[in-house]
Amino acid sequence: MDHLYDKERASEALERLVEESKKSDDSPLHSLLNDPEWHDRFVVAEMNKPKAWRLVRADEDGNATDEEIVFTVYGALAEFDLPPFAKAFRGSPDIGKFKYLKQYVKIDGLGIKSSLDSISAAIEIRGLYDRSFQANKLDAWTSGTKETSEGFTFDIANRLFTPVNDTADNDPHVPFQKEVDPHGVLELMVAEGLKHTEDNNVRYAKGKLMLDGNMKFTKMGPQAFRRGDLVAADLSFVVVPIKGERFRMINVLRSLTLLDGSFKMDSVRVEAFSVQPPLKRKRRFVDEVKDVETGLEKEDNVDGEDGMEVEK
């Protein structure tokens with residue numbers, strides 16, 4: 001965040017938003033550890049195409065269901081790389097440019113308690129996953145988390161595409177929203193062996209807290225987000241295989257909701273008013289303007305008053 005961003009006021013507002021969102025948010029990551037039986041509600045399920053291990057909800061008998069667990073984290077948008085991706089649109093479509101495109105955000109918890117609790121919860125989830133692998137095969141979870149002087153940041157991302165060979169036959173292609181693919185270039189990649197599935201699909205919205213305590217969501221394009229916005233990011237924790245018969249837990253972005261954009265706008269206003277205005281100068285030689293009635297030339301002062309008439 002830039003030096004004009006009011007982090008103190010933003011963190012206070014973020015704490016209020018987290019508290020006010022309790023009624024509409026049934027899966028905040030920061031409150032996971034408040035439930036001593038949370039382990040019993042989740043099951044690690046192994047998936048194929050693409051190969052991954054996912055956290056799903058357990059039924060009454062403790063068996064896996066088809067509902068993946070999605071958590072919510074709150075914070076300020078510190079960095080992001082979101083559609084539309086102009087850099088990939090230059091020149092003719094090339095599968096190499098698009099295959100690894102990601103929708104990425106870095107969330108700054110601004111040092112509030114819920115952000116620290118979210119980090120602790122993620123570490124516990126990694127511990128739950130660890131029991132599904134041989135000892136020391138699952139990497140320590142970092143995934144872009146970084147400790148700062150004011151708390152932690154949290155990286156979350158999702159690829160735009162999955163190679164067709166890594167998707168199930170019954171996993172359909174999900175058309176891109178106009179805001180994500182305004183020129184239709186991403187859709188061309190479907191014919192190049194890539195697929196945009198529901199697992200790749202990220203939803204973008206603006207949230208407004210209503211009087212009854214529930215959140216009302218309005219669809220919004222990803223181009224509307226700015227650094228410093230207070231947001232809620234929905235994510236899943238997924239374990240994927242990496243080189244050397246090892247595994248890693250990653251943070252997969254599911255949706256991004258704008259909760260408060262005023263702090264970014266405030267920093268813009270401060271910057272605008274902090275710009276030094278141009279100096280005013282009294283000029284000795286003023287412009288001469290001809291009077292259309294008298295045919296005489298008169299001086300036009302910088303103060304807007306007519307000067308002394310001089311005969312030509």
# chains A, B, ... in the order shown; residues from 1 in each chain; ligands from 1

call {"tool": "residues_around", "arguments": {"residues": "Val231 (chain A)", "least_positions_apart": "4", "cutoff": "6 Å", "atoms": "only C-alpha atoms", "output": "PyMOL selection string"}}
result
chain A and resi 74-76+257-259

call {"tool": "residues_around", "arguments": {"residues": "Val202 (chain A)", "least_positions_apart": "5", "cutoff": "10 Å", "atoms": "only C-alpha atoms", "output": "VMD selection string"}}
result
chain A and resid 103 157 to 160 176 180 222 234 to 235 252 to 256

call {"tool": "write_last_selection", "arguments": {"atoms": "N, CA, C and O atoms", "output": "PDB file, in the first residue's frame"}}
result
ATOM      1  N   GLN A 103      -5.466 -15.889 -12.236  1.00  0.00           N
ATOM      2  CA  GLN A 103      -6.174 -14.813 -11.567  1.00  0.00           C
ATOM      3  C   GLN A 103      -5.621 -14.788 -10.138  1.00  0.00           C
ATOM      4  O   GLN A 103      -5.783 -15.754  -9.392  1.00  0.00           O
ATOM      5  N   ALA A 157      -4.758 -17.687  -5.746  1.00  0.00           N
ATOM      6  CA  ALA A 157      -4.749 -17.645  -7.208  1.00  0.00           C
ATOM      7  C   ALA A 157      -5.551 -18.809  -7.780  1.00  0.00           C
ATOM      8  O   ALA A 157      -5.872 -19.779  -7.089  1.00  0.00           O
ATOM      9  N   ASN A 158      -5.869 -18.699  -9.057  1.00  0.00           N
ATOM     10  CA  ASN A 158      -6.542 -19.783  -9.782  1.00  0.00           C
ATOM     11  C   ASN A 158      -6.206 -19.649 -11.259  1.00  0.00           C
ATOM     12  O   ASN A 158      -6.283 -18.556 -11.837  1.00  0.00           O
ATOM     13  N   ARG A 159      -5.814 -20.758 -11.870  1.00  0.00           N
ATOM     14  CA  ARG A 159      -5.524 -20.723 -13.298  1.00  0.00           C
ATOM     15  C   ARG A 159      -6.803 -20.514 -14.110  1.00  0.00           C
ATOM     16  O   ARG A 159      -7.874 -20.990 -13.742  1.00  0.00           O
ATOM     17  N   LEU A 160      -6.651 -19.820 -15.228  1.00  0.00           N
ATOM     18  CA  LEU A 160      -7.795 -19.603 -16.114  1.00  0.00           C
ATOM     19  C   LEU A 160      -8.175 -20.868 -16.869  1.00  0.00           C
ATOM     20  O   LEU A 160      -9.342 -21.040 -17.247  1.00  0.00           O
ATOM     21  N   PHE A 176     -16.605 -17.728 -20.836  1.00  0.00           N
ATOM     22  CA  PHE A 176     -16.088 -16.587 -20.089  1.00  0.00           C
ATOM     23  C   PHE A 176     -17.106 -15.461 -20.057  1.00  0.00           C
ATOM     24  O   PHE A 176     -17.827 -15.222 -21.034  1.00  0.00           O
ATOM     25  N   VAL A 180     -14.448 -10.554 -18.364  1.00  0.00           N
ATOM     26  CA  VAL A 180     -13.200 -11.301 -18.268  1.00  0.00           C
ATOM     27  C   VAL A 180     -12.534 -11.442 -19.628  1.00  0.00           C
ATOM     28  O   VAL A 180     -11.316 -11.367 -19.750  1.00  0.00           O
ATOM     29  N   PRO A 222     -14.004  -7.716 -12.978  1.00  0.00           N
ATOM     30  CA  PRO A 222     -12.728  -7.712 -12.258  1.00  0.00           C
ATOM     31  C   PRO A 222     -11.911  -6.458 -12.474  1.00  0.00           C
ATOM     32  O   PRO A 222     -11.021  -6.146 -11.670  1.00  0.00           O
ATOM     33  N   ASP A 234     -13.050 -15.689  -1.331  1.00  0.00           N
ATOM     34  CA  ASP A 234     -13.393 -17.087  -1.076  1.00  0.00           C
ATOM     35  C   ASP A 234     -12.327 -17.968  -1.694  1.00  0.00           C
ATOM     36  O   ASP A 234     -11.884 -17.731  -2.825  1.00  0.00           O
ATOM     37  N   LEU A 235     -11.920 -19.010  -0.956  1.00  0.00           N
ATOM     38  CA  LEU A 235     -10.853 -19.879  -1.437  1.00  0.00           C
ATOM     39  C   LEU A 235     -11.055 -21.302  -0.963  1.00  0.00           C
ATOM     40  O   LEU A 235     -11.757 -21.559   0.024  1.00  0.00           O
ATOM     41  N   VAL A 252      -6.636 -21.746  -3.602  1.00  0.00           N
ATOM     42  CA  VAL A 252      -7.309 -21.594  -4.892  1.00  0.00           C
ATOM     43  C   VAL A 252      -8.440 -20.570  -4.776  1.00  0.00           C
ATOM     44  O   VAL A 252      -9.368 -20.743  -3.970  1.00  0.00           O
ATOM     45  N   LEU A 253      -8.355 -19.518  -5.576  1.00  0.00           N
ATOM     46  CA  LEU A 253      -9.342 -18.437  -5.548  1.00  0.00           C
ATOM     47  C   LEU A 253     -10.666 -18.889  -6.171  1.00  0.00           C
ATOM     48  O   LEU A 253     -10.689 -19.446  -7.266  1.00  0.00           O
ATOM     49  N   ARG A 254     -11.766 -18.634  -5.458  1.00  0.00           N
ATOM     50  CA  ARG A 254     -13.102 -18.981  -5.949  1.00  0.00           C
ATOM     51  C   ARG A 254     -13.942 -17.746  -6.275  1.00  0.00           C
ATOM     52  O   ARG A 254     -14.678 -17.738  -7.243  1.00  0.00           O
ATOM     53  N   SER A 255     -13.827 -16.720  -5.451  1.00  0.00           N
ATOM     54  CA  SER A 255     -14.556 -15.478  -5.735  1.00  0.00           C
ATOM     55  C   SER A 255     -13.886 -14.324  -4.997  1.00  0.00           C
ATOM     56  O   SER A 255     -13.151 -14.526  -4.025  1.00  0.00           O
ATOM     57  N   LEU A 256     -14.161 -13.121  -5.478  1.00  0.00           N
ATOM     58  CA  LEU A 256     -13.617 -11.898  -4.869  1.00  0.00           C
ATOM     59  C   LEU A 256     -14.738 -10.872  -4.801  1.00  0.00           C
ATOM     60  O   LEU A 256     -15.386 -10.574  -5.810  1.00  0.00           O
TER      61      LEU A 256
END

call {"tool": "residues_around", "arguments": {"residues": "Asp139 (chain A)", "least_positions_apart": "6", "cutoff": "8 Å", "atoms": "only C-alpha atoms", "output": "compact mmCIF listing (two decimals) with all heavy atoms, in the first residue's frame"}}
result
# COMPACT_ATOMS: atom_id res chain seq x y z
N ARG A 246 6.54 -35.44 -4.21
CA ARG A 246 6.16 -34.59 -3.09
C ARG A 246 4.85 -33.90 -3.42
O ARG A 246 4.35 -33.95 -4.57
CB ARG A 246 7.26 -33.55 -2.79
CG ARG A 246 8.59 -34.18 -2.39
CD ARG A 246 9.54 -33.13 -1.83
NE ARG A 246 9.00 -32.52 -0.61
CZ ARG A 246 9.08 -33.10 0.60
NH1 ARG A 246 9.64 -34.27 0.74
NH2 ARG A 246 8.60 -32.46 1.66
N PHE A 247 4.29 -33.22 -2.40
CA PHE A 247 2.96 -32.62 -2.54
C PHE A 247 2.96 -31.25 -1.88
O PHE A 247 3.78 -30.97 -0.99
CB PHE A 247 1.90 -33.54 -1.91
CG PHE A 247 1.92 -34.94 -2.45
CD1 PHE A 247 2.73 -35.91 -1.87
CD2 PHE A 247 1.17 -35.28 -3.55
CE1 PHE A 247 2.77 -37.20 -2.36
CE2 PHE A 247 1.20 -36.57 -4.06
CZ PHE A 247 2.01 -37.53 -3.47
N ARG A 248 2.02 -30.42 -2.32
CA ARG A 248 1.97 -29.05 -1.80
C ARG A 248 0.52 -28.60 -1.69
O ARG A 248 -0.30 -28.88 -2.57
CB ARG A 248 2.72 -28.11 -2.74
CG ARG A 248 2.68 -26.62 -2.33
CD ARG A 248 3.51 -25.79 -3.27
NE ARG A 248 4.92 -26.20 -3.19
CZ ARG A 248 5.80 -26.00 -4.17
NH1 ARG A 248 5.42 -25.43 -5.30
NH2 ARG A 248 7.05 -26.39 -4.02
N MET A 249 0.21 -27.89 -0.60
CA MET A 249 -1.13 -27.32 -0.43
C MET A 249 -1.14 -25.91 -1.00
O MET A 249 -0.29 -25.09 -0.64
CB MET A 249 -1.54 -27.30 1.04
CG MET A 249 -3.00 -26.88 1.24
SD MET A 249 -3.53 -26.96 2.98
CE MET A 249 -2.93 -25.37 3.58

call {"tool": "atom_distance", "arguments": {"atom1": "CA of Ser11 (chain A)", "atom2": "CA of Ile112 (chain A)"}}
result
6.6 Å

call {"tool": "select_by_dssp", "arguments": {"residues": "region 111-252 of chain A", "states": "helix (DSSP H, G or I)", "output": "ChimeraX atom specification"}}
result
/A:113-130,164-166,185-192,222-224

call {"tool": "residues_around", "arguments": {"residues": "Val240 (chain A)", "least_positions_apart": "5", "cutoff": "12 Å", "atoms": "only C-alpha atoms", "output": "MDAnalysis selection string"}}
result
chainID A and resid 46:54 129 133 137:139 245:252

call {"tool": "select_by_dssp", "arguments": {"residues": "region 66-283 of chain A", "states": "strand (DSSP E)", "output": "PyMOL selection string"}}
result
chain A and resi 66-68+71-81+102-108+146-148+151-159+162-163+194-195+203-209+215-219+230-242+246-260

call {"tool": "residues_around", "arguments": {"residues": "Ala13 (chain A)", "least_positions_apart": "4", "cutoff": "10 Å", "atoms": "only C-alpha atoms", "output": "ChimeraX atom specification"}}
result
/A:7-9,17-19,230,260,263

call {"tool": "write_last_selection", "arguments": {"atoms": "C-alpha atoms", "output": "short mmCIF file (atom, residue, chain, number, x, y, z; two decimals), in the first residue's frame"}}
result
data_model
loop_
_atom_site.label_atom_id
_atom_site.label_comp_id
_atom_site.auth_asym_id
_atom_site.auth_seq_id
_atom_site.Cartn_x
_atom_site.Cartn_y
_atom_site.Cartn_z
CA LYS A 7 -4.03 1.79 7.30
CA GLU A 8 -5.24 2.60 10.80
CA ARG A 9 -8.72 3.63 9.68
CA LEU A 17 -16.88 -5.59 8.30
CA VAL A 18 -15.69 -8.94 9.64
CA GLU A 19 -17.99 -8.58 12.65
CA LEU A 230 -11.33 -3.92 1.44
CA ASP A 260 -15.41 -1.05 0.77
CA PHE A 263 -10.00 3.92 1.41
#

call {"tool": "residues_around", "arguments": {"residues": "Lys22 (chain A)", "least_positions_apart": "3", "cutoff": "10 Å", "atoms": "only C-alpha atoms", "output": "PDB file with N, CA, C and O atoms, in the first residue's frame"}}
result
ATOM      1  N   LEU A  17     -16.314  -4.794   9.377  1.00  0.00           N
ATOM      2  CA  LEU A  17     -16.878  -5.591   8.298  1.00  0.00           C
ATOM      3  C   LEU A  17     -16.861  -7.078   8.638  1.00  0.00           C
ATOM      4  O   LEU A  17     -17.824  -7.801   8.356  1.00  0.00           O
ATOM      5  N   VAL A  18     -15.780  -7.529   9.240  1.00  0.00           N
ATOM      6  CA  VAL A  18     -15.694  -8.940   9.644  1.00  0.00           C
ATOM      7  C   VAL A  18     -16.785  -9.258  10.661  1.00  0.00           C
ATOM      8  O   VAL A  18     -17.461 -10.290  10.569  1.00  0.00           O
ATOM      9  N   GLU A  19     -16.968  -8.367  11.619  1.00  0.00           N
ATOM     10  CA  GLU A  19     -17.993  -8.582  12.646  1.00  0.00           C
ATOM     11  C   GLU A  19     -19.396  -8.545  12.045  1.00  0.00           C
ATOM     12  O   GLU A  19     -20.245  -9.394  12.355  1.00  0.00           O
ATOM     13  N   ASP A  25     -21.935 -14.951   6.450  1.00  0.00           N
ATOM     14  CA  ASP A  25     -20.772 -15.769   6.119  1.00  0.00           C
ATOM     15  C   ASP A  25     -20.751 -16.999   7.025  1.00  0.00           C
ATOM     16  O   ASP A  25     -20.490 -16.887   8.227  1.00  0.00           O
ATOM     17  N   ASP A  26     -21.019 -18.170   6.446  1.00  0.00           N
ATOM     18  CA  ASP A  26     -21.081 -19.383   7.262  1.00  0.00           C
ATOM     19  C   ASP A  26     -19.762 -20.153   7.270  1.00  0.00           C
ATOM     20  O   ASP A  26     -19.675 -21.223   7.873  1.00  0.00           O
ATOM     21  N   SER A  27     -18.736 -19.633   6.588  1.00  0.00           N
ATOM     22  CA  SER A  27     -17.464 -20.365   6.561  1.00  0.00           C
ATOM     23  C   SER A  27     -16.249 -19.431   6.610  1.00  0.00           C
ATOM     24  O   SER A  27     -15.347 -19.541   5.787  1.00  0.00           O
ATOM     25  N   PRO A  28     -16.203 -18.498   7.568  1.00  0.00           N
ATOM     26  CA  PRO A  28     -15.006 -17.654   7.682  1.00  0.00           C
ATOM     27  C   PRO A  28     -13.833 -18.483   8.166  1.00  0.00           C
ATOM     28  O   PRO A  28     -13.953 -19.242   9.143  1.00  0.00           O
ATOM     29  N   SER A  31     -12.615 -18.285  11.987  1.00  0.00           N
ATOM     30  CA  SER A  31     -13.370 -18.856  13.101  1.00  0.00           C
ATOM     31  C   SER A  31     -13.336 -20.384  13.115  1.00  0.00           C
ATOM     32  O   SER A  31     -13.986 -21.002  13.965  1.00  0.00           O
ATOM     33  N   GLY A 213     -28.726  -7.460   8.303  1.00  0.00           N
ATOM     34  CA  GLY A 213     -27.471  -8.135   8.593  1.00  0.00           C
ATOM     35  C   GLY A 213     -26.979  -9.051   7.506  1.00  0.00           C
ATOM     36  O   GLY A 213     -25.871  -9.580   7.593  1.00  0.00           O
ATOM     37  N   ASN A 214     -27.782  -9.268   6.477  1.00  0.00           N
ATOM     38  CA  ASN A 214     -27.375 -10.108   5.358  1.00  0.00           C
ATOM     39  C   ASN A 214     -26.641  -9.287   4.308  1.00  0.00           C
ATOM     40  O   ASN A 214     -26.844  -8.074   4.187  1.00  0.00           O
ATOM     41  N   MET A 215     -25.797  -9.960   3.550  1.00  0.00           N
ATOM     42  CA  MET A 215     -25.019  -9.300   2.508  1.00  0.00           C
ATOM     43  C   MET A 215     -25.731  -9.449   1.164  1.00  0.00           C
ATOM     44  O   MET A 215     -26.117 -10.545   0.775  1.00  0.00           O
TER      45      MET A 215
END

call {"tool": "closest_residue", "arguments": {"among": "A:Val73, A:Leu4, A:Val239, A:Ala191", "to": "Asp117 (chain A)", "atoms": "only C-alpha atoms"}}
result
A:Val73

call {"tool": "residues_around", "arguments": {"residues": "Met210 (chain A)", "least_positions_apart": "2", "cutoff": "12 Å", "atoms": "only C-alpha atoms", "output": "ChimeraX atom specification"}}
result
/A:20-21,23-24,207-208,212-217

call {"tool": "closest_residue", "arguments": {"among": "A:Gly184, A:Gly96, A:Gly127, A:Gly111", "to": "Trp141 (chain A)", "atoms": "only C-alpha atoms"}}
result
A:Gly127

call {"tool": "closest_residue", "arguments": {"among": "A:Tyr104, A:Ser236, A:Arg203, A:Leu188", "to": "Glu67 (chain A)", "atoms": "only C-alpha atoms"}}
result
A:Ser236

call {"tool": "closest_residue", "arguments": {"among": "A:Thr153, A:Thr167, A:Gln134, A:Asn63", "to": "Glu198 (chain A)", "atoms": "only C-alpha atoms"}}
result
A:Thr167

call {"tool": "decode", "arguments": {"residues": "region 34-64 of chain A", "atoms": "C-alpha atoms", "output": "JSON list (two decimals), in the first residue's frame"}}
result
[["chain", "number", "residue", "atom", "x", "y", "z"],
["A", 34, "ASN", "CA", -13.41, -22.02, 17.46],
["A", 35, "ASP", "CA", -15.06, -25.36, 16.67],
["A", 36, "PRO", "CA", -13.20, -28.16, 18.48],
["A", 37, "GLU", "CA", -14.90, -30.76, 16.27],
["A", 38, "TRP", "CA", -14.11, -29.20, 12.91],
["A", 39, "HIS", "CA", -11.97, -32.21, 11.92],
["A", 40, "ASP", "CA", -15.08, -34.41, 12.01],
["A", 41, "ARG", "CA", -16.96, -32.23, 9.54],
["A", 42, "PHE", "CA", -14.36, -32.48, 6.76],
["A", 43, "VAL", "CA", -12.94, -35.35, 4.72],
["A", 44, "VAL", "CA", -9.89, -35.39, 2.45],
["A", 45, "ALA", "CA", -11.00, -36.73, -0.95],
["A", 46, "GLU", "CA", -8.59, -37.83, -3.68],
["A", 47, "MET", "CA", -9.58, -36.67, -7.17],
["A", 48, "ASN", "CA", -8.40, -37.51, -10.68],
["A", 49, "LYS", "CA", -8.28, -35.27, -13.75],
["A", 50, "PRO", "CA", -6.70, -33.16, -12.54],
["A", 51, "LYS", "CA", -4.92, -35.13, -9.84],
["A", 52, "ALA", "CA", -5.54, -33.41, -6.52],
["A", 53, "TRP", "CA", -6.69, -33.88, -2.95],
["A", 54, "ARG", "CA", -9.57, -31.70, -1.85],
["A", 55, "LEU", "CA", -11.31, -30.93, 1.41],
["A", 56, "VAL", "CA", -14.99, -31.88, 1.17],
["A", 57, "ARG", "CA", -17.90, -31.93, 3.60],
["A", 58, "ALA", "CA", -18.60, -35.16, 5.45],
["A", 59, "ASP", "CA", -22.08, -36.66, 5.70],
["A", 60, "GLU", "CA", -23.64, -37.95, 8.92],
["A", 61, "ASP", "CA", -21.69, -41.20, 8.62],
["A", 62, "GLY", "CA", -18.38, -39.42, 8.06],
["A", 63, "ASN", "CA", -18.24, -40.23, 4.35],
["A", 64, "ALA", "CA", -17.18, -37.76, 1.68]]
